[in-house]
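**Q** File input10.tsv below, TSV, N, CA and C atoms:
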chain	number	residue	atom	x	y	z
A	177	MET	N	0.82	-1.20	0.00
A	177	MET	CA	0.00	0.00	0.00
A	177	MET	C	0.87	1.26	0.00
A	178	PHE	N	1.96	1.22	0.79
A	178	PHE	CA	2.86	2.37	0.85
A	178	PHE	C	3.47	2.65	-0.52
A	179	LEU	N	3.90	1.60	-1.21
A	179	LEU	CA	4.48	1.75	-2.53
A	179	LEU	C	3.47	2.32	-3.51
A	180	LYS	N	2.22	1.91	-3.40
A	180	LYS	CA	1.16	2.42	-4.26
A	180	LYS	C	0.98	3.92	-4.06
A	181	ARG	N	1.05	4.38	-2.81
A	181	ARG	CA	0.91	5.82	-2.52
A	181	ARG	C	2.09	6.61	-3.07
A	182	ILE	N	3.30	6.05	-2.96
A	182	ILE	CA	4.49	6.72	-3.51
A	182	ILE	C	4.36	6.84	-5.02
A	183	LEU	N	3.92	5.76	-5.67
A	183	LEU	CA	3.74	5.78	-7.11
A	183	LEU	C	2.68	6.80	-7.51
A	184	ALA	N	1.57	6.86	-6.78
A	184	ALA	CA	0.52	7.83	-7.09
A	184	ALA	C	1.04	9.26	-6.95
A	185	ALA	N	1.82	9.52	-5.91
A	185	ALA	CA	2.38	10.86	-5.72
A	185	ALA	C	3.34	11.21	-6.85
A	186	ALA	N	4.16	10.26	-7.28
A	186	ALA	CA	5.09	10.50	-8.38
A	186	ALA	C	4.35	10.77	-9.68
A	187	LEU	N	3.30	9.99	-9.95
A	187	LEU	CA	2.49	10.21	-11.15
A	187	LEU	C	1.82	11.57	-11.12
A	188	ALA	N	1.32	11.96	-9.96
A	188	ALA	CA	0.66	13.26	-9.82
A	188	ALA	C	1.65	14.38	-10.09
A	189	LEU	N	2.84	14.29	-9.52
A	189	LEU	CA	3.86	15.31	-9.74
A	189	LEU	C	4.24	15.39	-11.21
A	190	PHE	N	4.41	14.24	-11.85
A	190	PHE	CA	4.74	14.21	-13.27
A	190	PHE	C	3.63	14.85	-14.10
A	191	ALA	N	2.39	14.48	-13.82
A	191	ALA	CA	1.27	15.02	-14.59
A	191	ALA	C	1.16	16.52	-14.43
A	192	VAL	N	1.36	17.03	-13.22
A	192	VAL	CA	1.29	18.48	-12.98
A	192	VAL	C	2.41	19.18	-13.71
A	193	THR	N	3.61	18.60	-13.72
A	193	THR	CA	4.76	19.20	-14.41
A	193	THR	C	4.53	19.25	-15.92
A	194	VAL	N	4.10	18.14	-16.51
A	194	VAL	CA	3.84	18.08	-17.95
A	194	VAL	C	2.67	18.99	-18.30
A	195	ALA	N	1.68	19.02	-17.45
A	195	ALA	CA	0.48	19.79	-17.72
A	195	ALA	C	0.74	21.27	-17.83
A	196	SER	N	1.83	21.76	-17.25
A	196	SER	CA	2.09	23.20	-17.28
A	196	SER	C	2.27	23.71	-18.70
A	197	LYS	N	2.47	22.83	-19.67
A	197	LYS	CA	2.65	23.23	-21.06
A	197	LYS	C	1.36	23.14	-21.86
A	198	ALA	N	0.26	22.82	-21.23
A	198	ALA	CA	-0.99	22.58	-21.96
A	198	ALA	C	-2.08	23.54	-21.54
A	199	ASP	N	-3.06	23.67	-22.41
A	199	ASP	CA	-4.33	24.30	-22.07
A	199	ASP	C	-5.35	23.20	-21.81
A	200	THR	N	-5.25	22.15	-22.63
A	200	THR	CA	-6.13	20.99	-22.52
A	200	THR	C	-5.24	19.75	-22.37
A	201	LEU	N	-5.49	19.01	-21.32
A	201	LEU	CA	-4.71	17.82	-21.01
A	201	LEU	C	-5.59	16.60	-21.19
A	202	VAL	N	-5.08	15.58	-21.88
A	202	VAL	CA	-5.81	14.34	-22.10
A	202	VAL	C	-5.03	13.23	-21.40
A	203	MET	N	-5.68	12.55	-20.48
A	203	MET	CA	-5.01	11.51	-19.70
A	203	MET	C	-5.44	10.14	-20.23
A	204	VAL	N	-4.44	9.36	-20.68
A	204	VAL	CA	-4.67	8.08	-21.33
A	204	VAL	C	-4.24	6.96	-20.37
A	205	GLN	N	-5.18	6.13	-19.99
A	205	GLN	CA	-4.89	5.06	-19.03
A	205	GLN	C	-4.06	3.95	-19.66
A	206	GLY	N	-3.45	3.15	-18.79
A	206	GLY	CA	-2.63	2.03	-19.24
A	206	GLY	C	-3.42	0.75	-19.38
A	207	TYR	N	-2.69	-0.31	-19.67
A	207	TYR	CA	-3.27	-1.64	-19.88
A	207	TYR	C	-4.14	-2.05	-18.69
A	208	LEU	N	-5.35	-2.48	-18.98
A	208	LEU	CA	-6.35	-2.90	-18.00
A	208	LEU	C	-6.79	-1.78	-17.07
A	209	GLY	N	-6.39	-0.56	-17.35
A	209	GLY	CA	-6.82	0.59	-16.56
A	209	GLY	C	-8.10	1.18	-17.12
A	210	ASN	N	-8.57	2.20	-16.47
A	210	ASN	CA	-9.72	2.96	-16.96
A	210	ASN	C	-9.57	4.39	-16.49
A	211	ALA	N	-10.50	5.23	-16.85
A	211	ALA	CA	-10.41	6.64	-16.48
A	211	ALA	C	-10.34	6.82	-14.97
A	212	GLY	N	-11.00	5.92	-14.25
A	212	GLY	CA	-10.97	6.00	-12.79
A	212	GLY	C	-9.57	5.83	-12.23
A	213	SER	N	-8.69	5.20	-12.99
A	213	SER	CA	-7.31	5.02	-12.52
A	213	SER	C	-6.67	6.38	-12.22
A	214	TRP	N	-6.96	7.36	-13.05
A	214	TRP	CA	-6.40	8.71	-12.84
A	214	TRP	C	-7.04	9.38	-11.64
A	215	ARG	N	-8.28	9.11	-11.41
A	215	ARG	CA	-9.00	9.76	-10.31
A	215	ARG	C	-8.67	9.10	-8.97
A	216	LEU	N	-8.61	7.78	-8.94
A	216	LEU	CA	-8.37	7.06	-7.69
A	216	LEU	C	-6.91	7.10	-7.27
A	217	SER	N	-5.99	7.28	-8.21
A	217	SER	CA	-4.57	7.28	-7.89
A	217	SER	C	-4.12	8.58	-7.23
A	218	GLY	N	-4.92	9.62	-7.36
A	218	GLY	CA	-4.54	10.92	-6.80
A	218	GLY	C	-4.07	11.91	-7.85
A	219	VAL	N	-3.93	11.48	-9.10
A	219	VAL	CA	-3.46	12.39	-10.15
A	219	VAL	C	-4.49	13.48	-10.43
A	220	ALA	N	-5.75	13.10	-10.64
A	220	ALA	CA	-6.79	14.10	-10.93
A	220	ALA	C	-6.94	15.10	-9.78
A	221	PRO	N	-7.02	14.64	-8.52
A	221	PRO	CA	-7.11	15.61	-7.42
A	221	PRO	C	-5.88	16.54	-7.36
A	222	ALA	N	-4.70	16.03	-7.68
A	222	ALA	CA	-3.50	16.88	-7.68
A	222	ALA	C	-3.60	17.95	-8.75
A	223	LEU	N	-4.14	17.60	-9.91
A	223	LEU	CA	-4.33	18.60	-10.97
A	223	LEU	C	-5.34	19.66	-10.53
A	224	VAL	N	-6.43	19.24	-9.93
A	224	VAL	CA	-7.44	20.19	-9.45
A	224	VAL	C	-6.81	21.12	-8.41
A	225	PHE	N	-6.03	20.56	-7.51
A	225	PHE	CA	-5.35	21.35	-6.48
A	225	PHE	C	-4.42	22.37	-7.12
A	226	ASP	N	-3.84	22.03	-8.27
A	226	ASP	CA	-2.92	22.92	-8.97
A	226	ASP	C	-3.64	23.93	-9.87
A	227	GLY	N	-4.96	23.94	-9.83
A	227	GLY	CA	-5.72	24.95	-10.58
A	227	GLY	C	-6.33	24.48	-11.88
A	228	TRP	N	-6.26	23.19	-12.15
A	228	TRP	CA	-6.85	22.65	-13.37
A	228	TRP	C	-8.32	22.32	-13.13
A	229	ALA	N	-9.13	22.54	-14.15
A	229	ALA	CA	-10.55	22.17	-14.08
A	229	ALA	C	-10.73	20.76	-14.61
A	230	ASP	N	-11.48	19.96	-13.89
A	230	ASP	CA	-11.81	18.61	-14.35
A	230	ASP	C	-12.93	18.74	-15.36
A	231	ALA	N	-12.59	18.60	-16.64
A	231	ALA	CA	-13.58	18.77	-17.71
A	231	ALA	C	-14.43	17.53	-17.91
A	232	GLY	N	-14.09	16.46	-17.21
A	232	GLY	CA	-14.93	15.28	-17.25
A	232	GLY	C	-14.36	14.15	-18.08
A	233	HIS	N	-15.24	13.22	-18.35
A	233	HIS	CA	-14.89	11.97	-18.99
A	233	HIS	C	-15.50	11.89	-20.38
A	234	MET	N	-14.69	11.49	-21.35
A	234	MET	CA	-15.16	11.33	-22.72
A	234	MET	C	-15.28	9.84	-23.04
A	235	THR	N	-16.22	9.51	-23.90
A	235	THR	CA	-16.36	8.15	-24.38
A	235	THR	C	-16.79	8.20	-25.84
A	236	LEU	N	-16.66	7.09	-26.52
A	236	LEU	CA	-17.07	7.02	-27.92
A	236	LEU	C	-18.45	6.38	-28.00
A	237	GLY	N	-19.31	6.98	-28.79
A	237	GLY	CA	-20.63	6.44	-29.03
A	237	GLY	C	-20.84	6.28	-30.53
A	238	PRO	N	-22.02	5.82	-30.92
A	238	PRO	CA	-22.29	5.62	-32.35
A	238	PRO	C	-22.15	6.89	-33.18
A	239	ALA	N	-22.39	8.05	-32.56
A	239	ALA	CA	-22.31	9.31	-33.30
A	239	ALA	C	-20.96	10.00	-33.12
A	240	GLY	N	-20.02	9.36	-32.46
A	240	GLY	CA	-18.71	9.98	-32.24
A	240	GLY	C	-18.41	10.15	-30.76
A	241	VAL	N	-17.62	11.17	-30.45
A	241	VAL	CA	-17.20	11.40	-29.07
A	241	VAL	C	-18.33	12.02	-28.27
A	242	LEU	N	-18.57	11.45	-27.11
A	242	LEU	CA	-19.53	12.00	-26.16
A	242	LEU	C	-18.73	12.62	-25.02
A	243	ALA	N	-19.01	13.89	-24.72
A	243	ALA	CA	-18.26	14.59	-23.68
A	243	ALA	C	-19.19	15.52	-22.92
A	244	PRO	N	-18.82	15.84	-21.68
A	244	PRO	CA	-19.60	16.80	-20.91
A	244	PRO	C	-19.59	18.17	-21.59
A	245	PRO	N	-20.51	19.05	-21.22
A	245	PRO	CA	-20.51	20.41	-21.79
A	245	PRO	C	-19.19	21.12	-21.50
A	246	VAL	N	-18.83	22.08	-22.33
A	246	VAL	CA	-17.60	22.85	-22.16
A	246	VAL	C	-17.71	23.69	-20.89
A	247	LEU	N	-16.62	23.74	-20.15
A	247	LEU	CA	-16.57	24.58	-18.95
A	247	LEU	C	-16.59	26.05	-19.36
A	248	ALA	N	-17.27	26.86	-18.60
A	248	ALA	CA	-17.43	28.27	-18.94
A	248	ALA	C	-16.15	29.09	-18.77
A	249	ASP	N	-15.26	28.68	-17.85
A	249	ASP	CA	-14.12	29.53	-17.52
A	249	ASP	C	-13.06	29.63	-18.61
A	250	GLY	N	-12.98	28.66	-19.49
A	250	GLY	CA	-12.02	28.71	-20.58
A	250	GLY	C	-10.58	28.55	-20.13
A	251	GLY	N	-10.34	28.16	-18.89
A	251	GLY	CA	-8.98	27.99	-18.38
A	251	GLY	C	-8.42	26.62	-18.68
A	252	LYS	N	-7.39	26.26	-17.95
A	252	LYS	CA	-6.76	24.96	-18.12
A	252	LYS	C	-7.72	23.85	-17.68
A	253	ARG	N	-7.77	22.79	-18.48
A	253	ARG	CA	-8.72	21.71	-18.19
A	253	ARG	C	-8.08	20.38	-18.50
A	254	PHE	N	-8.62	19.31	-17.89
A	254	PHE	CA	-8.17	17.97	-18.24
A	254	PHE	C	-9.36	17.05	-18.43
A	255	TYR	N	-9.15	16.07	-19.29
A	255	TYR	CA	-10.16	15.07	-19.62
A	255	TYR	C	-9.60	13.69	-19.37
A	256	THR	N	-10.48	12.77	-19.02
A	256	THR	CA	-10.17	11.35	-19.06
A	256	THR	C	-10.99	10.76	-20.21
A	257	LEU	N	-10.65	9.55	-20.62
A	257	LEU	CA	-11.36	8.97	-21.76
A	257	LEU	C	-11.40	7.46	-21.63
A	258	ASP	N	-12.17	6.84	-22.51
A	258	ASP	CA	-12.26	5.39	-22.59
A	258	ASP	C	-11.46	4.90	-23.78
A	259	LEU	N	-10.58	3.94	-23.55
A	259	LEU	CA	-9.92	3.22	-24.63
A	259	LEU	C	-10.04	1.73	-24.31
A	260	PRO	N	-10.18	0.91	-25.33
A	260	PRO	CA	-10.21	-0.54	-25.11
A	260	PRO	C	-8.78	-1.03	-24.87
A	261	THR	N	-8.36	-1.10	-23.63
A	261	THR	CA	-6.95	-1.32	-23.31
A	261	THR	C	-6.43	-2.70	-23.71
A	262	GLU	N	-7.32	-3.62	-24.04
A	262	GLU	CA	-6.85	-4.93	-24.50
A	262	GLU	C	-6.82	-5.02	-26.02
A	263	ALA	N	-7.20	-3.96	-26.69
A	263	ALA	CA	-7.12	-3.91	-28.16
A	263	ALA	C	-5.67	-3.68	-28.56
A	264	PRO	N	-5.31	-4.00	-29.80
A	264	PRO	CA	-3.95	-3.71	-30.27
A	264	PRO	C	-3.64	-2.21	-30.13
A	265	ILE	N	-2.39	-1.90	-29.86
A	265	ILE	CA	-1.97	-0.51	-29.65
A	265	ILE	C	-2.35	0.35	-30.86
A	266	ALA	N	-2.23	-0.18	-32.06
A	266	ALA	CA	-2.58	0.60	-33.26
A	266	ALA	C	-4.05	1.01	-33.24
A	267	GLU	N	-4.92	0.13	-32.77
A	267	GLU	CA	-6.35	0.47	-32.67
A	267	GLU	C	-6.58	1.51	-31.58
A	268	GLN	N	-5.89	1.36	-30.47
A	268	GLN	CA	-6.01	2.36	-29.40
A	268	GLN	C	-5.55	3.74	-29.91
A	269	ALA	N	-4.45	3.76	-30.67
A	269	ALA	CA	-3.95	5.02	-31.22
A	269	ALA	C	-4.95	5.63	-32.18
A	270	ARG	N	-5.57	4.80	-33.00
A	270	ARG	CA	-6.59	5.31	-33.95
A	270	ARG	C	-7.75	5.94	-33.20
A	271	LEU	N	-8.23	5.27	-32.16
A	271	LEU	CA	-9.35	5.80	-31.37
A	271	LEU	C	-8.94	7.06	-30.62
A	272	LEU	N	-7.73	7.08	-30.11
A	272	LEU	CA	-7.22	8.27	-29.43
A	272	LEU	C	-7.24	9.46	-30.39
A	273	GLY	N	-6.93	9.19	-31.66
A	273	GLY	CA	-6.98	10.25	-32.67
A	273	GLY	C	-8.37	10.86	-32.80
A	274	LEU	N	-9.41	10.06	-32.65
A	274	LEU	CA	-10.78	10.59	-32.69
A	274	LEU	C	-11.03	11.56	-31.54
A	275	TYR	N	-10.55	11.19	-30.36
A	275	TYR	CA	-10.70	12.07	-29.20
A	275	TYR	C	-9.93	13.37	-29.40
A	276	VAL	N	-8.70	13.26	-29.87
A	276	VAL	CA	-7.88	14.46	-30.06
A	276	VAL	C	-8.50	15.38	-31.10
A	277	ALA	N	-8.98	14.83	-32.20
A	277	ALA	CA	-9.62	15.64	-33.24
A	277	ALA	C	-10.84	16.37	-32.67
A	278	PHE	N	-11.61	15.66	-31.84
A	278	PHE	CA	-12.78	16.26	-31.20
A	278	PHE	C	-12.35	17.44	-30.32
A	279	LEU	N	-11.31	17.23	-29.51
A	279	LEU	CA	-10.86	18.30	-28.61
A	279	LEU	C	-10.25	19.47	-29.35
A	280	GLU	N	-9.52	19.18	-30.44
A	280	GLU	CA	-8.96	20.27	-31.23
A	280	GLU	C	-10.05	21.12	-31.86
A	281	ALA	N	-11.15	20.50	-32.26
A	281	ALA	CA	-12.28	21.25	-32.81
A	281	ALA	C	-13.02	22.00	-31.70
A	282	ARG	N	-13.13	21.39	-30.55
A	282	ARG	CA	-13.86	21.98	-29.42
A	282	ARG	C	-13.10	23.14	-28.79
A	283	HIS	N	-11.80	22.99	-28.67
A	283	HIS	CA	-10.97	23.99	-28.01
A	283	HIS	C	-9.93	24.53	-29.00
A	284	LYS	N	-10.42	25.25	-29.98
A	284	LYS	CA	-9.54	25.80	-31.00
A	284	LYS	C	-8.47	26.67	-30.35
A	285	ASN	N	-7.27	26.61	-30.89
A	285	ASN	CA	-6.12	27.39	-30.42
A	285	ASN	C	-5.55	26.94	-29.08
A	286	ASP	N	-6.07	25.86	-28.50
A	286	ASP	CA	-5.51	25.31	-27.27
A	286	ASP	C	-4.33	24.40	-27.60
A	287	ARG	N	-3.39	24.34	-26.69
A	287	ARG	CA	-2.34	23.34	-26.77
A	287	ARG	C	-2.89	22.10	-26.08
A	288	VAL	N	-2.98	21.01	-26.82
A	288	VAL	CA	-3.47	19.75	-26.28
A	288	VAL	C	-2.26	18.87	-26.00
A	289	VAL	N	-2.15	18.41	-24.75
A	289	VAL	CA	-1.05	17.55	-24.35
A	289	VAL	C	-1.62	16.21	-23.90
A	290	LEU	N	-1.00	15.13	-24.36
A	290	LEU	CA	-1.40	13.78	-23.97
A	290	LEU	C	-0.46	13.30	-22.87
A	291	VAL	N	-1.04	12.76	-21.80
A	291	VAL	CA	-0.27	12.13	-20.73
A	291	VAL	C	-0.76	10.69	-20.65
A	292	GLY	N	0.15	9.76	-20.86
A	292	GLY	CA	-0.23	8.36	-20.85
A	292	GLY	C	0.51	7.60	-19.77
A	293	HIS	N	-0.17	6.65	-19.18
A	293	HIS	CA	0.45	5.76	-18.21
A	293	HIS	C	0.67	4.41	-18.87
A	294	SER	N	1.88	3.89	-18.80
A	294	SER	CA	2.20	2.56	-19.28
A	294	SER	C	1.81	2.42	-20.76
A	295	ALA	N	0.97	1.46	-21.09
A	295	ALA	CA	0.58	1.24	-22.49
A	295	ALA	C	-0.17	2.44	-23.05
A	296	GLY	N	-0.78	3.25	-22.19
A	296	GLY	CA	-1.43	4.47	-22.66
A	296	GLY	C	-0.41	5.44	-23.25
A	297	GLY	N	0.79	5.46	-22.69
A	297	GLY	CA	1.86	6.28	-23.25
A	297	GLY	C	2.31	5.76	-24.60
A	298	VAL	N	2.32	4.45	-24.75
A	298	VAL	CA	2.69	3.84	-26.03
A	298	VAL	C	1.63	4.17	-27.08
A	299	ALA	N	0.37	4.08	-26.71
A	299	ALA	CA	-0.72	4.42	-27.64
A	299	ALA	C	-0.64	5.89	-28.05
A	300	ALA	N	-0.33	6.76	-27.08
A	300	ALA	CA	-0.22	8.18	-27.37
A	300	ALA	C	0.95	8.43	-28.32
A	301	ARG	N	2.06	7.78	-28.08
A	301	ARG	CA	3.23	7.95	-28.96
A	301	ARG	C	2.93	7.42	-30.35
A	302	MET	N	2.23	6.30	-30.45
A	302	MET	CA	1.90	5.77	-31.77
A	302	MET	C	0.95	6.73	-32.49
A	303	TYR	N	0.00	7.31	-31.77
A	303	TYR	CA	-0.90	8.29	-32.39
A	303	TYR	C	-0.09	9.47	-32.94
A	304	LEU	N	0.82	9.97	-32.14
A	304	LEU	CA	1.61	11.14	-32.58
A	304	LEU	C	2.47	10.80	-33.77
Show this structure as structure tokens.

**A**
Amino acid sequence: MFLKRILAAALALFAVTVASKADTLVMVQGYLGNAGSWRLSGVAPALVFDGWADAGHMTLGPAGVLAPPVLADGGKRFYTLDLPTEAPIAEQARLLGLYVAFLEARHKNDRVVLVGHSAGGVAARMYL
């Protein structure tokens, strides 16, 4: 349990440091993870503490990306999303591209930064 807390603190510090270069942050979970991994590990609360708005969770539906309404403040925000973590990395990267395209259209002129944990980082790199 102690090691898990140390890891969560390290991930939170890393995410906050990387996030300083973004307007919109997209957090990509690792293998067998889900969006809750970011919230339960302490990373999402650390971002909120650092002044980031939790813009919510995105998922893919038949009509495309489903996301909460845009926050009114227009400040720094972060999103979590759903990826099929047991799918091939190439498929995860393709789906991640749909989310990124959605966010680029939604938040024009924002710098979008991807933060991935484990295989989520590999999917993000393959997308890029």

**Q** Can you check which residues of chain A DSSP gives as helix (DSSP H, G or I) on the backbone and send them as a compact mmCIF listing (two decimals) with N, CA and C atoms, in the coordinates of the input?

**A**
# COMPACT_ATOMS: atom_id res chain seq x y z
N PHE A 178 1.96 1.22 0.79
CA PHE A 178 2.86 2.37 0.85
C PHE A 178 3.47 2.65 -0.52
N LEU A 179 3.90 1.60 -1.21
CA LEU A 179 4.48 1.75 -2.53
C LEU A 179 3.47 2.32 -3.51
N LYS A 180 2.22 1.91 -3.40
CA LYS A 180 1.16 2.42 -4.26
C LYS A 180 0.98 3.92 -4.06
N ARG A 181 1.05 4.38 -2.81
CA ARG A 181 0.91 5.82 -2.52
C ARG A 181 2.09 6.61 -3.07
N ILE A 182 3.30 6.05 -2.96
CA ILE A 182 4.49 6.72 -3.51
C ILE A 182 4.36 6.84 -5.02
N LEU A 183 3.92 5.76 -5.67
CA LEU A 183 3.74 5.78 -7.11
C LEU A 183 2.68 6.80 -7.51
N ALA A 184 1.57 6.86 -6.78
CA ALA A 184 0.52 7.83 -7.09
C ALA A 184 1.04 9.26 -6.95
N ALA A 185 1.82 9.52 -5.91
CA ALA A 185 2.38 10.86 -5.72
C ALA A 185 3.34 11.21 -6.85
N ALA A 186 4.16 10.26 -7.28
CA ALA A 186 5.09 10.50 -8.38
C ALA A 186 4.35 10.77 -9.68
N LEU A 187 3.30 9.99 -9.95
CA LEU A 187 2.49 10.21 -11.15
C LEU A 187 1.82 11.57 -11.12
N ALA A 188 1.32 11.96 -9.96
CA ALA A 188 0.66 13.26 -9.82
C ALA A 188 1.65 14.38 -10.09
N LEU A 189 2.84 14.29 -9.52
CA LEU A 189 3.86 15.31 -9.74
C LEU A 189 4.24 15.39 -11.21
N PHE A 190 4.41 14.24 -11.85
CA PHE A 190 4.74 14.21 -13.27
C PHE A 190 3.63 14.85 -14.10
N ALA A 191 2.39 14.48 -13.82
CA ALA A 191 1.27 15.02 -14.59
C ALA A 191 1.16 16.52 -14.43
N VAL A 192 1.36 17.03 -13.22
CA VAL A 192 1.29 18.48 -12.98
C VAL A 192 2.41 19.18 -13.71
N THR A 193 3.61 18.60 -13.72
CA THR A 193 4.76 19.20 -14.41
C THR A 193 4.53 19.25 -15.92
N VAL A 194 4.10 18.14 -16.51
CA VAL A 194 3.84 18.08 -17.95
C VAL A 194 2.67 18.99 -18.30
N ALA A 195 1.68 19.02 -17.45
CA ALA A 195 0.48 19.79 -17.72
C ALA A 195 0.74 21.27 -17.83
N ALA A 211 -10.50 5.23 -16.85
CA ALA A 211 -10.41 6.64 -16.48
C ALA A 211 -10.34 6.82 -14.97
N GLY A 212 -11.00 5.92 -14.25
CA GLY A 212 -10.97 6.00 -12.79
C GLY A 212 -9.57 5.83 -12.23
N SER A 213 -8.69 5.20 -12.99
CA SER A 213 -7.31 5.02 -12.52
C SER A 213 -6.67 6.38 -12.22
N TRP A 214 -6.96 7.36 -13.05
CA TRP A 214 -6.40 8.71 -12.84
C TRP A 214 -7.04 9.38 -11.64
N ARG A 215 -8.28 9.11 -11.41
CA ARG A 215 -9.00 9.76 -10.31
C ARG A 215 -8.67 9.10 -8.97
N LEU A 216 -8.61 7.78 -8.94
CA LEU A 216 -8.37 7.06 -7.69
C LEU A 216 -6.91 7.10 -7.27
N VAL A 219 -3.93 11.48 -9.10
CA VAL A 219 -3.46 12.39 -10.15
C VAL A 219 -4.49 13.48 -10.43
N ALA A 220 -5.75 13.10 -10.64
CA ALA A 220 -6.79 14.10 -10.93
C ALA A 220 -6.94 15.10 -9.78
N PRO A 221 -7.02 14.64 -8.52
CA PRO A 221 -7.11 15.61 -7.42
C PRO A 221 -5.88 16.54 -7.36
N ALA A 222 -4.70 16.03 -7.68
CA ALA A 222 -3.50 16.88 -7.68
C ALA A 222 -3.60 17.95 -8.75
N LEU A 223 -4.14 17.60 -9.91
CA LEU A 223 -4.33 18.60 -10.97
C LEU A 223 -5.34 19.66 -10.53
N VAL A 224 -6.43 19.24 -9.93
CA VAL A 224 -7.44 20.19 -9.45
C VAL A 224 -6.81 21.12 -8.41
N PHE A 225 -6.03 20.56 -7.51
CA PHE A 225 -5.35 21.35 -6.48
C PHE A 225 -4.42 22.37 -7.12
N ILE A 265 -2.39 -1.90 -29.86
CA ILE A 265 -1.97 -0.51 -29.65
C ILE A 265 -2.35 0.35 -30.86
N ALA A 266 -2.23 -0.18 -32.06
CA ALA A 266 -2.58 0.60 -33.26
C ALA A 266 -4.05 1.01 -33.24
N GLU A 267 -4.92 0.13 -32.77
CA GLU A 267 -6.35 0.47 -32.67
C GLU A 267 -6.58 1.51 -31.58
N GLN A 268 -5.89 1.36 -30.47
CA GLN A 268 -6.01 2.36 -29.40
C GLN A 268 -5.55 3.74 -29.91
N ALA A 269 -4.45 3.76 -30.67
CA ALA A 269 -3.95 5.02 -31.22
C ALA A 269 -4.95 5.63 -32.18
N ARG A 270 -5.57 4.80 -33.00
CA ARG A 270 -6.59 5.31 -33.95
C ARG A 270 -7.75 5.94 -33.20
N LEU A 271 -8.23 5.27 -32.16
CA LEU A 271 -9.35 5.80 -31.37
C LEU A 271 -8.94 7.06 -30.62
N LEU A 272 -7.73 7.08 -30.11
CA LEU A 272 -7.22 8.27 -29.43
C LEU A 272 -7.24 9.46 -30.39
N GLY A 273 -6.93 9.19 -31.66
CA GLY A 273 -6.98 10.25 -32.67
C GLY A 273 -8.37 10.86 -32.80
N LEU A 274 -9.41 10.06 -32.65
CA LEU A 274 -10.78 10.59 -32.69
C LEU A 274 -11.03 11.56 -31.54
N TYR A 275 -10.55 11.19 -30.36
CA TYR A 275 -10.70 12.07 -29.20
C TYR A 275 -9.93 13.37 -29.40
N VAL A 276 -8.70 13.26 -29.87
CA VAL A 276 -7.88 14.46 -30.06
C VAL A 276 -8.50 15.38 -31.10
N ALA A 277 -8.98 14.83 -32.20
CA ALA A 277 -9.62 15.64 -33.24
C ALA A 277 -10.84 16.37 -32.67
N PHE A 278 -11.61 15.66 -31.84
CA PHE A 278 -12.78 16.26 -31.20
C PHE A 278 -12.35 17.44 -30.32
N LEU A 279 -11.31 17.23 -29.51
CA LEU A 279 -10.86 18.30 -28.61
C LEU A 279 -10.25 19.47 -29.35
N GLU A 280 -9.52 19.18 -30.44
CA GLU A 280 -8.96 20.27 -31.23
C GLU A 280 -10.05 21.12 -31.86
N ALA A 281 -11.15 20.50 -32.26
CA ALA A 281 -12.28 21.25 -32.81
C ALA A 281 -13.02 22.00 -31.70
N ARG A 282 -13.13 21.39 -30.55
CA ARG A 282 -13.86 21.98 -29.42
C ARG A 282 -13.10 23.14 -28.79
N ALA A 295 0.97 1.46 -21.09
CA ALA A 295 0.58 1.24 -22.49
C ALA A 295 -0.17 2.44 -23.05
N GLY A 296 -0.78 3.25 -22.19
CA GLY A 296 -1.43 4.47 -22.66
C GLY A 296 -0.41 5.44 -23.25
N GLY A 297 0.79 5.46 -22.69
CA GLY A 297 1.86 6.28 -23.25
C GLY A 297 2.31 5.76 -24.60
N VAL A 298 2.32 4.45 -24.75
CA VAL A 298 2.69 3.84 -26.03
C VAL A 298 1.63 4.17 -27.08
N ALA A 299 0.37 4.08 -26.71
CA ALA A 299 -0.72 4.42 -27.64
C ALA A 299 -0.64 5.89 -28.05
N ALA A 300 -0.33 6.76 -27.08
CA ALA A 300 -0.22 8.18 -27.37
C ALA A 300 0.95 8.43 -28.32
N ARG A 301 2.06 7.78 -28.08
CA ARG A 301 3.23 7.95 -28.96
C ARG A 301 2.93 7.42 -30.35
N MET A 302 2.23 6.30 -30.45
CA MET A 302 1.90 5.77 -31.77
C MET A 302 0.95 6.73 -32.49
N TYR A 303 0.00 7.31 -31.77
CA TYR A 303 -0.90 8.29 -32.39
C TYR A 303 -0.09 9.47 -32.94

**Q** Find the spatial neighbours of Glu262 of chain A, counting only N, CA and C atoms, within a cut-off of 8 Å - ignore same-chain residues fewer than 4 positions away - and output them as an mmCIF file with N, CA and C atoms, in the coordinates of the input.

**A**
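File selection_13.cif, as written:
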data_model
loop_
_atom_site.group_PDB
_atom_site.id
_atom_site.type_symbol
_atom_site.label_atom_id
_atom_site.label_comp_id
_atom_site.auth_asym_id
_atom_site.auth_seq_id
_atom_site.Cartn_x
_atom_site.Cartn_y
_atom_site.Cartn_z
ATOM 1 N N GLY A 206 -3.450 3.150 -18.790
ATOM 2 C CA GLY A 206 -2.630 2.030 -19.240
ATOM 3 C C GLY A 206 -3.420 0.750 -19.380
ATOM 4 N N TYR A 207 -2.690 -0.310 -19.670
ATOM 5 C CA TYR A 207 -3.270 -1.640 -19.880
ATOM 6 C C TYR A 207 -4.140 -2.050 -18.690
ATOM 7 N N LEU A 208 -5.350 -2.480 -18.980
ATOM 8 C CA LEU A 208 -6.350 -2.900 -18.000
ATOM 9 C C LEU A 208 -6.790 -1.780 -17.070
ATOM 10 N N GLY A 209 -6.390 -0.560 -17.350
ATOM 11 C CA GLY A 209 -6.820 0.590 -16.560
ATOM 12 C C GLY A 209 -8.100 1.180 -17.120
ATOM 13 N N GLN A 268 -5.890 1.360 -30.470
ATOM 14 C CA GLN A 268 -6.010 2.360 -29.400
ATOM 15 C C GLN A 268 -5.550 3.740 -29.910
#

**Q** What is the distance, in Å and to one decimal place, between atom CA of Ser217 of chain A and atom CA of Ala299 of chain A?

**A**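 It comes out at 20.3 Å.
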
**Q** Skip Gly273 of chain A itself and residues of its chain fewer than 5 positions away, then list as a list in words all residues within 9 Å of it, counting only C-alpha atoms.

**A** Gln268, Phe278, Ala300, Tyr303 and Leu304 of chain A

**Q** Under the rule that all atoms listed in the file are counted, which of A:Ala295, A:Ala198, A:Val288, A:Ala231 is the nearest residue to Thr256 of chain A?

**A**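 Between A:Ala295, A:Ala198, A:Val288, A:Ala231, the residue approaching Thr256 of chain A most closely is A:Ala231.
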